[in-house]
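Take a look at the structure below.
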Amino acid sequence: MTPALPPANENSGHNELHQRQALAQDFTKDIDLREMFARISRGLASTLGLAFLGMAAACALYLAVSPFNTTSTSMRISFAFNGYAKEEYPDHSRFEPDDFRAPDIIADALRKRGLENIEGLQGTVRSAITIEGIIPPNVIKERDRIRSTGQILPPYLPDEYIVTLTLPIKGPLSGRDRELLLNEIVSSFQEKFHRTYTDVPAALGNAFESLRDVDFPEYELVLNTEIENTRDFLKQQLGQAKTFRSPTTNLSFDDLLTQTDLFARIRLDGILGLIRQNGLSLDRSMALVKMDYYLRTLQDQEQKAIEEEKVVDDLLSKAQDRSGSYVLGIKSQAAQQRSEPTVLDQGLIDSLLANDSSNFLVRQALTAGLKVKAIQAERLQILERRKELEVFKNQVSEDQSGLITHVQRSLKDLEKSYNDLISNIRKTQADFSRQQYSAAIRISMPPKTVSKYRALVIDCVIGAFIGLALGIGTSLIGICIGPKRSVE
């Protein structure tokens with residue numbers, strides 16, 4: 001009986017394994033670690049020399065291009081104020097991080113640092129500032145997860161930004177000057193923010209400053225306008241802080257509003273009534289001329305406002321005529337049978353657009369109508385005052401001088417009371433601003449300038465590594481610089 005032969009594939013597998021083992025043994029025989037270290041040792045001097053040459057070349061290259069290199073000064077700032085989540089300032093105007101490097105901010109910061117006389121520096125600094133939002137890693141992961149599910153990503157507004165000032169190393173500003181300049185820019189932006197959105201309006205409280213050397217009939221116009229502006233400001237603040245009470249004045253905005261009403265009713269109305277009842281004026285003819293000119297100005301404003309109102313009313317009537325067709329379009333399309341679901345209905349889109357435009361025009365029509373009525377009401381008031389003053393034009397009162405002296409003395413007392421009221425408003429508003437907006441703009445990391453020697457060290461390390469690698473490579477292939485060393 002003939003014995004069974006082993007399978008052919010088994011023999012081929014054993015042969016391949018024997019060949020791999022033989023090749024591995026031959027490869028290990030060819031690599032002699034002692035010989036490698038001996039060659040590296042023989043070329044150690046040249047290797048170190050090449051490493052130092054690499055460092056020297058890198059240093060020379062750095063010094064050659066350093067006038068064209070730049071260095072960065074960075075800091076972090078955070079924003080936190082009412083409306084920031086909606087990308088709005090407290091007055092609902094649009095917020096942009098780029099406002100931080102507005103031309104007036106840069107100019108003010110350079111002026112405070114005494115650098116405004118350097119030609120072209122303002123434009124250079126403004127173009128060298130970059131503002132980037134900082135997004136935490138957990139937010140990035142969450143947004144990646146939402147994106148992977150196919151959902152629409154919600155808008156994300158960072159609450160912290162990194163501000164970087166990148167300028168040439170060989171420039172007019174040292175590293176310390178750049179850090180101080182960035183701090184000054186933040187300070188200027190904070191001052192502008194508080195001046196615009198938290199401080200009492202600059203025009204409020206200056207009524208008597210504008211009434212120097214004016215005639216008595218003008219007091220009524222200016223002071224009544226000032227009282228209305230004060231009321232509007234206090235009502236606006238009361239809407240933001242109904243329960244706030246100032247620790248300095250122990251007054252709330254509601255208390256200040258009450259004081260304003262009492263000031264107008266008790267102190268102001270008596271003096272203005274005395275002026276109006278007696279037709280007091282230093283020069284009645286000139287006062288009538290001023291009133292006539294103001295009446296012509298109001299008449300021009302009234303005509304312009306009436307024309308604007310007509311345009312808005314015409315557009316509103318046209319929009320209302322077209323709004324019914326969109327609603328019918330929605331109903332007709334909704335009644336149809338659809339085989340597949342629709343993502344958006346064209347009729348619905350048209351209806352939303354029509355309603356939005358109609359609402360906008362309604363608001364514009366209301367604003368235009370109120371503007372016309374306000375101008376007409378003011379014009380009627382001036383006409384009435386003119387008629388009253390014209391009655392006294394040719395009359396000479398015996399006690400006119402006594403009345404004028406009494407009114408002038410009363411106006412001085414009125415100014416003192418008015419200044420006390422404005423002082424309480426300013427102090428209360430200052431306390432509210434410190435409480436509400438103390439952290440509106442905050443420096444979360446002070447400015448830091450990258451050292452100019454850091455790039456030099458990195459370049460030298462890279463040059464030394466290249467020289468070291470070149471020296472080891474030449475030693476391994478048997479190229480040595482200098483006298484050879486005998487190795488036993």
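A note on labels: chains of the structure tokens are A, B, ... as shown, every chain counts residues from 1, and ligands are counted from 1 in their shown order.
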Residue contacts of A:Thr230 (8 Å, only C-alpha atoms) excluding same-chain residues fewer than 4 positions away, as a VMD selection string:
chain A and resid 204 226 234 260
For A:Lys371, the nearest of the candidates A:Ser187, A:Gln303, A:Pro247, A:Ala38, counting only C-alpha atoms
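Looking at the shortest contact to A:Lys371, the residue is A:Gln303.
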How far is it from atom CA of A:Ile40 to atom CA of A:Ile466, in Å with one decimal?
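Atom-to-atom, atom CA of A:Ile40 to atom CA of A:Ile466, that is 15.9 Å.
Summary of the local environment: counting only C-alpha atoms, residues at most 10 Å from A:Asn82, other than itself and those fewer than 3 positions away along its chain, are Phe79, Ala85, Lys86, Glu87, Glu88, Tyr89, Pro90, Asp91, His92, Gln240, Gln436, Tyr437 and Ala440 of chain A.
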Might you pull out every residue within 10 Å of stretch 252-254 of chain A, with only C-alpha atoms counted and same-chain residues fewer than 4 positions away left off, and present them as a ChimeraX atom specification?
/A:233-247,258-260,425,428-429,432
Could you check the closest approach to A:Tyr219 for each of A:Ile441, A:Ile152, A:Leu411, A:Leu257 and tell me which residue wins, using only C-alpha atoms?
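Checking each candidate against A:Tyr219, we get A:Leu411 as the closest.
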